[in-house]
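J.: Got a structure for you, written out below as structure tokens; questions coming shortly.
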Amino acid sequence: MLEKRYDFNSREKHWQDYWRENEIYKFNPDAKDRYMIDTPPPTISGIIHLGHVFSYTQIDVIARHQRMLGKSVFFPFGYDDNGLPTERYVQREKKVKMAETTRGDFINLCLDTTKEMKEVYENVFSSAGHSADFSHAYSSISPRTQEISQRSFIELYKQGEIERRNSASLWCPECRTTIAQSEVDTMETESVMNYIYFTIKESGEKLKIATTRPELLSACVCVFVHPEDKERANLVGKTAISPLYNREVPIIANADVDMEKGTGAVMCCTFGDEADAKWQKEFNLPVLEAIGYNGRMTELANEFAGLKVREAREAIINKLKEEGLLYDQQPLTHLVATHERCGTEIELLIKPQWFIKLLNHKDEIYKAGEAVKWYPEHMQKRFLNWVEGLKWDWCISRQRFYGIPFPVWYCADCGELILADVEDLPVDPSVSTPKHPCPKCGGTHFEPERDVMDTWATSSLTPQICTDLITSKGLDDTYIPMDLRPNAHDNIRVWDFYTIAKSLLHFKKLPWSDVMISGWGLSATGSKLSKSKSSGGTPTPLETFKQYSADVTRYWASNASLGKDVYIKEEEFKNGFKLMQKIWNASRFVLSFLEGYVPKIPQTLLPMDEWILERYRVTYMKFMSYLSKYEMGLGLNELEQLFWTFCDDYIEIAKNRLYKPEIYGEEAKESAQYASSMVLEGILKLFSIYMPHITEEIYQSYYADIEGAKSIHISKYLDLGEPKDEQVLKQGDVVCDIVSQIRGYKSSNGLSLKEELSKVTLTGYADFVKNCAEDIKAVCNIQSLEFAEGEKGVSIEA
RNA sequence: GGGAGCUUAGCUCAGUUGGCCAGAGCAUCUGCCUUACAAGCAGAGGGUCACAGGUUCGAGUCCUGUAGCUCCCACCA
């Protein structure tokens, strides 16, 4: 017998302990039917908020759904503690300066911090009733992960997919590191178009050129004009002299030039933008470095050396003006590339960097993007769009301190590149040395590669890092492709993209078959919940669980269309709370009639009992269809509708028969017992993926014994098969409609619903309705119910 | 400039391949202490489905165009 009140605070904790102790969610790698999830690792960077609970709950609902379908679900966990956010967090919290410690010490500090944060995170997620396997969790900076990541590097290097080259790359002067295309953001900026004079050496004529970046004049290596430019094509082959610096540069024909832009003649500097980088390569132009790694002008800029880019721009403009070399200026707003982490304008600088070749694999990656099933479907376009626009190979070296090192040394004598042996991984080349002398010159002095790898070079291996938790095989494809990668839309072009790329390069396989793209859980005002800032009035997860329960919080999180953002709305929580109460009360009521009852198909099943079973079948099918598309919110809506029908229409009808078998007969009672126990069981199981605690509590009080299951979460959904009879469905609805009309009569006449009516005549209804006469009479409290032929109608006499 | 999504009741949204008077929840209004539930129950009102065309016997649903909002990408000469 269930208590009158459901004390969620103590009961939720109770079941969480129960699940843990009984290893309810344990994965069996040998199971025939597996479902494997490539869980995203939350970044260790500060406090955990409801946004986390939002997205991980959606993953948990899917994990539970697959488990209820009878699969063994691999739902691992991981922590992303490798990267700038963690670096910053650790420095701030531990009051350590990275530059004043060694890489090894700093990594250990990060691992310690992860350990502390793990407890905090794990507490929140398990309090939310998540069914991930927290006992098998990975860290993205752990020695094991480093081993896998370095192994991946070595293998791809040997395959020829990675190379080190001196090439223009995206550089953040603030963070003093290279960044990847996917880390670039754009910012609207006020700028000025400057029109300046070059001089044609041969004729002494002036050549007009427009530029927003005059500070790069010292790095100007040529001038381009369009070959079909009537005015200027004759200049091709001549020499231009740059203003201020008087550098002589060739004038070259280039069909890329847009005659409509600027003055129609373009100066090419190394490097003002990506076009410059492209042209430098294409025309094999020299590289002049006007900007240094610190974001300041180099000696090349003469008197402007040492100035920051912006300062230099201003100074040069003034000088040009003074010299009469600037003849016009026009303000403009344009978007500049910035580093997404710090907002600093990005420069293109040349430096030896490590690249994973992607441009020559664009086709394969594109096809993989088509082969993966994206939910919602239109998210695929975003991926394909990104691949189409890909312009850079993947630069994986970062001039940072903290990160996974490259397993590489260079011979101090001859410069030969030396890879670590795979069996020695992980290595930190700055603390260890190669085991053998240089194979080329026999030298024994080595320079370590000091760059570290981009975090995505490691995160892109999560399918391998995850499955390593069960295989211990490291870089291995036994369980690849996995079934699901869940993440939000901001990660399509980053994590999803890199994971697909790496999986293709290593195994020529898709990393997973499905990607589920969720939205964000946003604050009531629609702002993004931040990990580092306090969340501005938004309650913490633990506070929310305490006030509304974890089940209700989960209800909020899963009641969304896939891919859509959801706001934290008090209303939604209240709704969920009502639902939870209703589930409790309805179950308590139904179960009170089932003491000692063991469900078996009764000899006669009354029409309205058939009706509610049929309703269940229909809902079940719709539910499965939605969930197969990861549309858990829509599935939940269908389920709620069935549940309220069950409560308001069905139970109201059935309760008379359940209460008074002496009036309606034992058979009528058994029929109601059967239908109500089955449908309640089915409903509870469907709800269990959203609200695991309360459904477990109810299940354990009755169904667990009957089914001999340890937990509702490892039982199976109640599948009553395909819907059988549409007429039963329709006619049952007609009965509900009749009841509703009679209730409406009472309501509009100010009568209590229990008020007795002396006579009701139903005209023109089918036999099904006639067979429900007893139910209708009872639920509406009618003394005399009569049927007549003719136009359909309900007539009531008080 | 290229791509994607959205626009349905006061609010948040459903509406599968075109087909009975367009749905739900919340909010509003009215009634009801009815032996599970007053954080409840019953009932009611409320929509030119963004706009304009088109296809069709029939369009919220398909096609074309327009407008507004959101996101992604490109745009530094």
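Labels for the structure tokens follow display order: chains A, B, ..., residues from 1 in each chain, ligands from 1.
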Within 6 Å of chain A, which residues of chain B are there when counting only C-alpha atoms (C1' of nucleotides)? Please give them as a ChimeraX atom specification.
T.: /B:31-32,34,36-37,43,77
J.: Go ahead and write the selection's residues with N, CA, C and O atoms (P, O5', C5', C4', C3', O3' and C1' of nucleotides) as a tab-separated table (two decimals), in the first residue's frame.
T.:
```tsv
chain	number	residue	atom	x	y	z
B	31	G	P	-20.00	30.70	-10.37
B	31	G	O5'	-20.25	29.12	-10.36
B	31	G	C5'	-21.52	28.61	-10.71
B	31	G	C4'	-21.43	27.11	-10.88
B	31	G	C3'	-20.99	26.33	-9.65
B	31	G	O3'	-22.04	26.13	-8.72
B	31	G	C1'	-19.82	25.54	-11.55
B	32	C	P	-21.64	25.96	-7.22
B	32	C	O5'	-20.97	24.52	-7.19
B	32	C	C5'	-21.75	23.37	-7.43
B	32	C	C4'	-20.88	22.15	-7.44
B	32	C	C3'	-20.13	21.85	-6.15
B	32	C	O3'	-20.97	21.24	-5.18
B	32	C	C1'	-18.69	21.56	-7.98
B	34	U	P	-19.31	16.77	-1.96
B	34	U	O5'	-19.35	16.07	-3.38
B	34	U	C5'	-20.17	14.92	-3.54
B	34	U	C4'	-19.32	13.81	-4.09
B	34	U	C3'	-17.96	13.67	-3.41
B	34	U	O3'	-17.78	12.36	-2.95
B	34	U	C1'	-17.73	13.81	-5.78
B	36	A	P	-12.40	7.81	-3.91
B	36	A	O5'	-10.83	8.04	-4.02
B	36	A	C5'	-9.95	7.59	-3.01
B	36	A	C4'	-8.60	8.22	-3.25
B	36	A	C3'	-8.63	9.73	-3.42
B	36	A	O3'	-8.52	10.38	-2.16
B	36	A	C1'	-7.47	8.76	-5.23
B	37	C	P	-9.22	11.79	-1.97
B	37	C	O5'	-8.30	12.81	-2.78
B	37	C	C5'	-6.98	13.09	-2.34
B	37	C	C4'	-6.21	13.74	-3.46
B	37	C	C3'	-6.80	15.05	-3.97
B	37	C	O3'	-6.37	16.15	-3.18
B	37	C	C1'	-6.22	13.67	-5.80
B	43	G	P	-15.99	17.71	-18.78
B	43	G	O5'	-16.58	19.16	-18.97
B	43	G	C5'	-17.96	19.32	-19.25
B	43	G	C4'	-18.38	20.75	-19.10
B	43	G	C3'	-17.85	21.74	-20.12
B	43	G	O3'	-18.51	21.64	-21.36
B	43	G	C1'	-17.74	22.70	-17.97
B	77	A	P	38.89	45.93	-47.45
B	77	A	O5'	40.04	45.32	-48.35
B	77	A	C5'	41.29	46.01	-48.41
B	77	A	C4'	41.74	46.10	-49.84
B	77	A	C3'	40.72	46.64	-50.82
B	77	A	O3'	40.75	48.05	-50.83
B	77	A	C1'	41.72	44.66	-51.67
```
J.: Taking 5 positions as the minimum chain separation for residues in the same chain, which residues sit within 6 Å of range 347-361 of chain A when counting only C-alpha atoms (C1' of nucleotides)? Answer as a list in words.
T.: Glu161, Ile162, Glu163, Arg164, Arg165, Asn166, Ser167, Ala168, Ser169, Leu170, Trp171, Phe271, Asp393, Trp394, Cys395, Ile396 and Ser397 of chain A
J.: Quick check for you: according to DSSP on this backbone, which residues of range 506-601 of chain A are classed as helix (DSSP H, G or I)? Reply as a ChimeraX atom specification.
T.: /A:506-507,541-548,550-558,570-592
J.: Residues within 12 Å of G53 in chain B, please, as an NGL selection string. Count only C-alpha atoms (C1' of nucleotides); anything in the same chain fewer than 6 positions from it doesn't count.
T.: :B and (63-66)
J.: Could you dump the residues just selected with all heavy atoms as a CSV table (one decimal), in the first residue's frame?
T.:
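Result written to part_8.csv:
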```
chain,number,residue,atom,x,y,z
B,63,C,P,6.8,22.4,-51.0
B,63,C,OP1,8.3,22.0,-51.0
B,63,C,OP2,6.4,23.3,-49.9
B,63,C,O5',6.5,23.1,-52.4
B,63,C,C5',6.8,22.5,-53.6
B,63,C,C4',6.4,23.4,-54.7
B,63,C,O4',4.9,23.5,-54.8
B,63,C,C3',6.8,24.8,-54.6
B,63,C,O3',8.2,25.0,-55.1
B,63,C,C2',5.8,25.6,-55.4
B,63,C,O2',6.1,25.5,-56.8
B,63,C,C1',4.5,24.8,-55.1
B,63,C,N1,3.8,25.4,-54.0
B,63,C,C2,3.0,26.5,-54.3
B,63,C,O2,2.9,27.0,-55.4
B,63,C,N3,2.2,27.1,-53.3
B,63,C,C4,2.3,26.5,-52.1
B,63,C,N4,1.6,27.1,-51.1
B,63,C,C5,3.1,25.4,-51.8
B,63,C,C6,3.8,24.9,-52.8
B,64,U,P,9.1,26.1,-54.4
B,64,U,OP1,10.5,25.9,-54.9
B,64,U,OP2,8.9,26.1,-53.0
B,64,U,O5',8.5,27.4,-55.0
B,64,U,C5',8.6,27.7,-56.5
B,64,U,C4',7.9,29.0,-56.8
B,64,U,O4',6.5,28.9,-56.5
B,64,U,C3',8.3,30.2,-55.9
B,64,U,O3',9.6,30.7,-56.3
B,64,U,C2',7.2,31.1,-56.1
B,64,U,O2',7.2,31.8,-57.3
B,64,U,C1',6.0,30.2,-56.1
B,64,U,N1,5.4,30.0,-54.8
B,64,U,C2,4.5,31.0,-54.3
B,64,U,O2,4.2,32.0,-55.0
B,64,U,N3,4.0,30.8,-53.1
B,64,U,C4,4.3,29.8,-52.2
B,64,U,O4,3.7,29.8,-51.1
B,64,U,C5,5.2,28.8,-52.7
B,64,U,C6,5.7,29.0,-53.9
B,65,G,P,10.5,31.3,-55.2
B,65,G,OP1,11.8,31.7,-55.9
B,65,G,OP2,10.5,30.5,-54.0
B,65,G,O5',9.8,32.7,-54.9
B,65,G,C5',9.7,33.7,-55.9
B,65,G,C4',8.7,34.8,-55.4
B,65,G,O4',7.4,34.1,-55.2
B,65,G,C3',9.0,35.5,-54.1
B,65,G,O3',9.9,36.5,-54.3
B,65,G,C2',7.6,36.1,-53.8
B,65,G,O2',7.3,37.2,-54.6
B,65,G,C1',6.7,34.9,-54.2
B,65,G,N9,6.4,34.0,-53.0
B,65,G,C8,6.9,32.8,-52.7
B,65,G,N7,6.5,32.3,-51.6
B,65,G,C5,5.7,33.3,-51.1
B,65,G,C6,4.9,33.4,-49.9
B,65,G,O6,4.8,32.5,-49.0
B,65,G,N1,4.2,34.6,-49.8
B,65,G,C2,4.3,35.6,-50.7
B,65,G,N2,3.5,36.6,-50.4
B,65,G,N3,5.0,35.5,-51.8
B,65,G,C4,5.6,34.4,-51.9
B,66,U,P,10.9,37.0,-53.1
B,66,U,OP1,11.9,37.9,-53.6
B,66,U,OP2,11.3,35.7,-52.4
B,66,U,O5',9.8,37.7,-52.2
B,66,U,C5',9.2,39.0,-52.6
B,66,U,C4',8.3,39.5,-51.6
B,66,U,O4',7.2,38.6,-51.3
B,66,U,C3',8.9,39.7,-50.2
B,66,U,O3',9.7,40.8,-50.0
B,66,U,C2',7.6,39.7,-49.3
B,66,U,O2',7.0,41.0,-49.4
B,66,U,C1',6.8,38.7,-50.0
B,66,U,N1,7.0,37.3,-49.4
B,66,U,C2,6.3,37.1,-48.2
B,66,U,O2,5.5,37.9,-47.7
B,66,U,N3,6.5,35.8,-47.7
B,66,U,C4,7.3,34.8,-48.2
B,66,U,O4,7.4,33.8,-47.6
B,66,U,C5,8.0,35.2,-49.4
B,66,U,C6,7.8,36.4,-49.9
```
J.: Give me, please, the distance in Å between CA of Thr444 in chain A and CA of Ala99 in chain A, quoted to one decimal.
T.: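 Distance reported for this atom pair: 28.3 Å.
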J.: Do a neighbour search on Ala778 in chain A at 12 Å with only C-alpha atoms (C1' of nucleotides), toss out local chain neighbours closer than 5 positions, and write the hits as a ChimeraX atom specification.
T.: /A:652-660,663-664,739,753-757,772-773,783-785
J.: Considering only C-alpha atoms (C1' of nucleotides), return as a list in words whatever protein or nucleic-acid residues lie within 10 Å of range 304-309 of chain A, sequence-local ones (same chain, fewer than 2 positions apart) excluded.
T.: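 Here the qualifying residues turn out to be Arg213, Glu215, Leu216, Ala290, Ile291, Gly292, Asn294, Gly295, Arg296, Met297, Thr298, Glu299, Leu300, Ala301, Asn302, Glu311, Ala312, Arg313, Glu314, Ala315, Ile316, Glu345 and Glu347 of chain A.
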J.: Env of Asn123 in chain A: 12 Å cut, atoms = only C-alpha atoms (C1' of nucleotides), seq-sep filter 2 positions within chain, self excluded. Answer as a compact mmCIF listing (two decimals) with C-alpha atoms, in the first residue's frame.
T.:
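Okay, this is what ended up in out.txt:
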```
# COMPACT_ATOMS: atom_id res chain seq x y z
CA LYS A 13 17.77 9.44 -2.50
CA GLN A 16 19.46 6.27 -6.16
CA ASP A 17 21.25 4.28 -3.50
CA ILE A 48 27.48 23.09 -12.73
CA VAL A 53 21.05 18.90 -16.16
CA GLU A 116 37.26 17.20 -6.67
CA MET A 117 34.98 18.43 -9.42
CA LYS A 118 34.06 14.89 -10.32
CA GLU A 119 32.48 14.45 -6.94
CA VAL A 120 30.51 17.64 -7.35
CA TYR A 121 29.39 16.77 -10.87
CA PHE A 125 24.01 13.95 -12.06
CA SER A 126 23.22 11.03 -9.84
CA SER A 127 20.86 13.21 -7.81
CA ALA A 128 19.14 13.90 -11.12
CA GLY A 129 18.65 10.16 -11.44
CA HIS A 130 20.97 9.78 -14.39
CA PHE A 134 29.98 6.89 -13.02
CA PRO A 541 20.37 21.96 -9.70
CA LEU A 542 20.45 20.73 -6.11
CA PHE A 545 15.77 18.93 -6.87
```
J.: DSSP on the backbone: which residues in range 168-339 of chain A end up as strand (DSSP E)? Give the answer as a ChimeraX atom specification.
T.: /A:168-172,177-178,184-200,206-211,220-225,239-241,248-253,265-269,326-339
